[in-house]
Amino acid sequence: MTALVIRGGQLLDPAAGVDALKDVLLKDGRVAEIAAPGKLKSANGAEVLDATGLYLAPGLIDMHVHLREPGQGYKETIATGTAAAAAGGFTAVAAMPNTTPVNDSSEITRWMLAPEREAAIRVFPIAAATRGSKGEMLNEYAALKSAGAVALSDDGRPILKDNIMREALTAAARVGLTVIQHAEDTRLTQGGSMNLGPMSFKLGLRGMAAEAESSIVERDIRLVTELRDTRVHLHVAHTSTAAALAAVRQARRNGLRVTCEVAPHHFLLTEEHVGLYNTNAKMCPPLRSAADRDAMIEAILDGVVDAIATDHAPHAVHEKEVEFDNAPNGIIGLETAFGLSLRWLHKEWKLPLGRVLSLLSAQPAALLGMKGRGTLTVGSFADVVVFDPKAEWTYNAREGKSKSRNTPFDGWTMQGKVRWTISEGRIAYNAETA
Amino acid sequence: MNPTTTPVRRQLSHPPVDASPFPYNPGSLLSAGDLSLDGISHILARATALENQDPLVRNRILAKRRVALLFYESSTRTRTSFELAAKSLGADTTLVSSLSSSIEKGESLKDTGLTLRALGAEAIILRHNSSGAAWLLESETRLPVLNAGDGMHEHPTQALLDLRTILAHLKAGAETVTPETLAGVTVSIVGDILHSRVARSNMLLLPRLGARVLLCGPKELLPELAALAGPGITIERDFEAALRQSQVIMMLRIQAERLAGLQLDLEEYKAAYQLTGPRLGTLAPTAIVLHPGPIIRGLELTAGVADGPQSAILEQVKNGVAIRMAVVERALLADKQGGRA
């Protein structure tokens, strides 16, 4: 494998406490050497990337994406989804199992990881917690883990039954995996297509109450409390309500291993952005009230939120060009998460750059137990994003790498332009040739 | 809000909400809220003028223009009156209903709209079971779209014909409306507000003319947040208290087809909310009674009330044709009349 030198850039590696001008040598997929500018010892013959004036940081990690393979390749493939991820600065994504068929077996997990999928960056499958994600019978967690699964989730659906959720948490803990819960009491959200509130009444749409999310989070936290096993790790996916965050906050104070993620659309948008039935503002959980949105921002700023995750959910154009209540849930997010985070969390709301990067890399890596990722020290994986944190640009969904265009952020101003994304020493994205 | 929620420390700026691009076509009537007061006055005046015009002159106004009626739900009043309205202006109409069309084979609303446009339709009148369907159809076809009822959302021509009926009784048929036209008038809307597009359109229209709107019904059919839908709207759960204050009583049908599993004790409902002769006679002896139809005699109101002297239900139907003539004319002539009315 060829060697790469990234020269002249500002290395920002919050996990290692580094924020300095450094030259970095990448070799055989790993970080081989880090030195002051011009001081690399073994860089001879390596291809050089000139990062003067740019930042380099550990490649971003999205712990919640839908790559749609197997079975829904018309929306996205592992190849196109990971190309979009690379364009967005990501070097690793965790792929949810609501594919066709559901990824509830070692065979499907291995199929997703096969070289024939032509992934541009690393894919980490999240396997279904229950058979067919039906919430009735647990899968074989040990086998799934050895096939490559990094977590368990029935995402898109909740695990509703108390006893099944309890068993899932216990069995997952036994093999050292996290259970990621899609917290939605579907008994309360039937027919719902947006947040329940004055907007849903005005638009004549059936609403999804905030309590449908928070009640499941509270139930899950009660189960974790009752299990009294420090290995048990509950992670709340796409948290969207103030009440759910309050429950997570309290669980953390009580010393429980309960973590959560927030998607950019939930810290940026509210139910008002549904406008007049914009199906690209329809997702599950839905866009919530301004108070909920403010609670997301506050919890990110004060550290209760563990990760920013996109819930990248591609759908074909024709699937979204329908009546609002008939449109599928979800928006794409891999190509906008970084630009929106820098534009709003960093520039507007003054979250330090290192903290933004942590939420998008070191912290999700730690949550999913990805060793050697989320940091750039000698010996760690050569997963790097090189970017200009000050550059502003306008997102045009039609020019994106994803197969789909279902985004409410088309035409938005972004901050922070990715120059190169390097996945295990290989250039996965180059802005000049993209 | 949960008491453990940390209060927000800072005042933060947020991404703005884009202004609505609707309506794309100046001839469209999607929402009762899209019309300016001048626009409403114009429609009211044209309704009267067209109603009084010689039919043989009137039917030259839109001679051989093509209007499509696209109906995904059954309808008697709305469909027939739109059709009669368009025809009496001389337009050719065609009806496409979800049964007996390619919609049954799975054709999307977008494709159906584009097909009608390719067939020469110059305006589409849409009745659909999904809220927001008219907005989708308009953005995809860019034709004038007349919303003839979208799900639980809006039914703007119904609100306009209700207004015409109210004005005829209370304001001697006034046609020029202002923010004070209905000052001092209380309109009670009673029953299944949650599922009612008629209620939503009236809630958008009547307060802008100064009317006070009382919403009355049980919690299951009238959630508290309905009061937040706009200014001039109050919830009054006590039907008899609402009647005492009202000059206009608008009764609604319980929409069994939209209850979605909601269980309702009809006997209890009738005891609390049925408009009966004695209730009307003692509590609101001079009020007019409206109902968008279809009425279910013996449920939301008694047969005696429906057929009684205070009932303006059939006048509403008649006003529907006049209002829809004005709205169809506006759809096809909006450009010539100088854009958005």
# chains A, B, ... in the order shown; residues from 1 in each chain; ligands from 1
$ select_by_dssp --residues "segment 69-304 of chain A" --states "alpha helix (DSSP H)" --output "VMD selection string"
chain A and resid 78 to 87 106 to 113 141 to 147 162 to 174 198 to 203 210 to 227 242 to 253 264 to 268 290 to 301
$ interface_residues --of "chain B" --to "chain A" --cutoff "10 Å" --atoms "only C-alpha atoms" --output "PyMOL selection string"
chain B and resi 1-22+108-110+128-137+140+150-154+193-197+200-201+203-204+223-230+260
$ residues_around --residues "Ser74 of chain B" --least-positions-apart "5" --cutoff "10 Å" --atoms "only C-alpha atoms" --output "PyMOL selection string"
chain B and resi 79+97-99+127-129
$ atom_distance --atom1 "atom CA of Thr186 of chain B" --atom2 "atom CA of Ala32 of chain B"
18.9 Å
$ atom_distance --atom1 "atom CA of Asp307 of chain B" --atom2 "atom CA of Glu220 of chain B"
28.9 Å
$ residues_around --residues "Pro292 of chain B" --least-positions-apart "3" --cutoff "12 Å" --atoms "only C-alpha atoms" --output "ChimeraX atom specification"
/B:75-78,149,155-163,165,189-190,196-199,201-202,249-254,289,295-296,306,311-320
$ residues_around --residues "Ala147 of chain A" --least-positions-apart "5" --cutoff "8 Å" --atoms "only C-alpha atoms" --output "list in words"
Ser106, Glu107, Thr109 and Arg110 of chain A
$ atom_distance --atom1 "atom CA of Ala263 of chain A" --atom2 "atom CA of His238 of chain A"
5.8 Å
$ closest_residue --among "A:Thr407, A:Val258, A:Ile164, A:Val386" --to "Gln10 of chain A" --atoms "only C-alpha atoms"
A:Val386
$ residues_around --residues "Ala209 of chain A" --least-positions-apart "3" --cutoff "9 Å" --atoms "only C-alpha atoms" --output "PyMOL selection string"
chain A and resi 188-189+192+194-197+212-213
$ residues_around --residues "segment 27-36 of chain A" --least-positions-apart "4" --cutoff "7 Å" --atoms "only C-alpha atoms" --output "VMD selection string"
chain A and resid 1 to 4 21 to 23 40 376 to 382 424 to 425
$ write_last_selection --atoms "all heavy atoms" --output "compact mmCIF listing (two decimals), in the first residue's frame"
# COMPACT_ATOMS: atom_id res chain seq x y z
N MET A 1 0.85 -1.20 0.00
CA MET A 1 0.00 0.00 0.00
C MET A 1 0.88 1.24 0.00
O MET A 1 1.92 1.28 0.68
CB MET A 1 -0.90 0.00 1.23
CG MET A 1 -1.99 1.05 1.16
SD MET A 1 -3.10 0.93 2.56
CE MET A 1 -4.47 0.03 1.83
N THR A 2 0.46 2.24 -0.77
CA THR A 2 1.28 3.45 -0.83
C THR A 2 1.16 4.26 0.47
O THR A 2 0.19 4.13 1.19
CB THR A 2 0.83 4.37 -2.00
OG1 THR A 2 -0.57 4.57 -1.85
CG2 THR A 2 1.14 3.75 -3.33
N ALA A 3 2.16 5.04 0.68
CA ALA A 3 2.17 5.91 1.85
C ALA A 3 1.69 7.29 1.44
O ALA A 3 1.83 7.71 0.30
CB ALA A 3 3.57 5.98 2.43
N LEU A 4 1.08 7.98 2.39
CA LEU A 4 0.56 9.33 2.17
C LEU A 4 1.11 10.24 3.25
O LEU A 4 1.13 9.86 4.43
CB LEU A 4 -0.96 9.34 2.33
CG LEU A 4 -1.88 9.20 1.13
CD1 LEU A 4 -3.32 9.32 1.61
CD2 LEU A 4 -1.59 10.27 0.09
N LEU A 21 0.08 22.45 14.54
CA LEU A 21 0.53 22.20 13.17
C LEU A 21 1.34 20.91 13.18
O LEU A 21 2.31 20.78 13.94
CB LEU A 21 1.40 23.36 12.68
CG LEU A 21 0.66 24.63 12.26
CD1 LEU A 21 1.66 25.76 12.00
CD2 LEU A 21 -0.19 24.37 11.01
N LYS A 22 0.94 19.96 12.35
CA LYS A 22 1.64 18.67 12.32
C LYS A 22 1.68 18.15 10.89
O LYS A 22 0.74 18.36 10.11
CB LYS A 22 0.93 17.63 13.18
CG LYS A 22 0.90 17.93 14.68
CD LYS A 22 2.23 17.63 15.36
CE LYS A 22 2.12 17.89 16.86
NZ LYS A 22 3.45 17.90 17.50
N ASP A 23 2.73 17.41 10.60
CA ASP A 23 2.75 16.59 9.39
C ASP A 23 2.43 15.17 9.82
O ASP A 23 2.88 14.73 10.89
CB ASP A 23 4.13 16.63 8.72
CG ASP A 23 4.40 17.99 8.05
OD1 ASP A 23 3.47 18.84 8.06
OD2 ASP A 23 5.52 18.20 7.57
N LEU A 40 9.07 14.96 9.61
CA LEU A 40 8.80 13.53 9.47
C LEU A 40 10.09 12.81 9.10
O LEU A 40 10.86 13.26 8.26
CB LEU A 40 7.75 13.29 8.38
CG LEU A 40 6.29 13.59 8.74
CD1 LEU A 40 5.41 13.40 7.50
CD2 LEU A 40 5.79 12.72 9.88
N LEU A 376 -6.27 10.22 16.11
CA LEU A 376 -5.15 10.06 15.17
C LEU A 376 -3.84 10.04 15.96
O LEU A 376 -3.19 11.07 16.15
CB LEU A 376 -5.12 11.21 14.15
CG LEU A 376 -6.22 11.19 13.08
CD1 LEU A 376 -6.17 12.46 12.24
CD2 LEU A 376 -6.10 9.95 12.18
N THR A 377 -3.52 8.88 16.45
CA THR A 377 -2.22 8.71 17.11
C THR A 377 -1.50 7.61 16.36
O THR A 377 -2.12 6.88 15.56
CB THR A 377 -2.40 8.31 18.59
OG1 THR A 377 -3.28 7.20 18.65
CG2 THR A 377 -3.00 9.46 19.39
N VAL A 378 -0.22 7.50 16.58
CA VAL A 378 0.55 6.50 15.85
C VAL A 378 -0.04 5.13 16.14
O VAL A 378 -0.28 4.76 17.29
CB VAL A 378 2.05 6.57 16.24
CG1 VAL A 378 2.82 5.39 15.63
CG2 VAL A 378 2.64 7.89 15.79
N GLY A 379 -0.35 4.39 15.08
CA GLY A 379 -0.92 3.06 15.22
C GLY A 379 -2.42 3.02 15.02
O GLY A 379 -2.98 1.96 14.76
N SER A 380 -3.07 4.17 15.13
CA SER A 380 -4.52 4.14 14.90
C SER A 380 -4.80 4.09 13.40
O SER A 380 -3.90 4.30 12.58
CB SER A 380 -5.20 5.35 15.57
OG SER A 380 -4.71 6.55 15.04
N PHE A 381 -6.06 3.78 13.05
CA PHE A 381 -6.42 3.69 11.64
C PHE A 381 -6.20 5.04 10.96
O PHE A 381 -6.41 6.09 11.56
CB PHE A 381 -7.87 3.25 11.48
CG PHE A 381 -8.07 1.80 11.76
CD1 PHE A 381 -8.58 1.38 12.98
CD2 PHE A 381 -7.73 0.84 10.80
CE1 PHE A 381 -8.76 0.02 13.24
CE2 PHE A 381 -7.91 -0.51 11.06
CZ PHE A 381 -8.42 -0.93 12.28
N ALA A 382 -5.76 4.97 9.70
CA ALA A 382 -5.51 6.19 8.93
C ALA A 382 -6.83 6.71 8.37
O ALA A 382 -7.03 6.76 7.16
CB ALA A 382 -4.49 5.92 7.83
N GLU A 424 -8.61 4.58 5.95
CA GLU A 424 -7.54 3.59 6.12
C GLU A 424 -6.43 3.80 5.09
O GLU A 424 -5.99 2.87 4.42
CB GLU A 424 -8.12 2.18 6.08
CG GLU A 424 -9.12 2.01 7.23
CD GLU A 424 -9.63 0.60 7.43
OE1 GLU A 424 -9.21 -0.31 6.70
OE2 GLU A 424 -10.45 0.41 8.34
N GLY A 425 -6.01 5.06 4.98
CA GLY A 425 -4.85 5.39 4.14
C GLY A 425 -5.16 5.62 2.68
O GLY A 425 -4.28 6.02 1.90
$ select_by_dssp --residues "segment 19-144 of chain A" --states "strand (DSSP E)" --output "PyMOL selection string"
chain A and resi 19-27+30-35+47-50+55-58+60-65+90-95+122-127
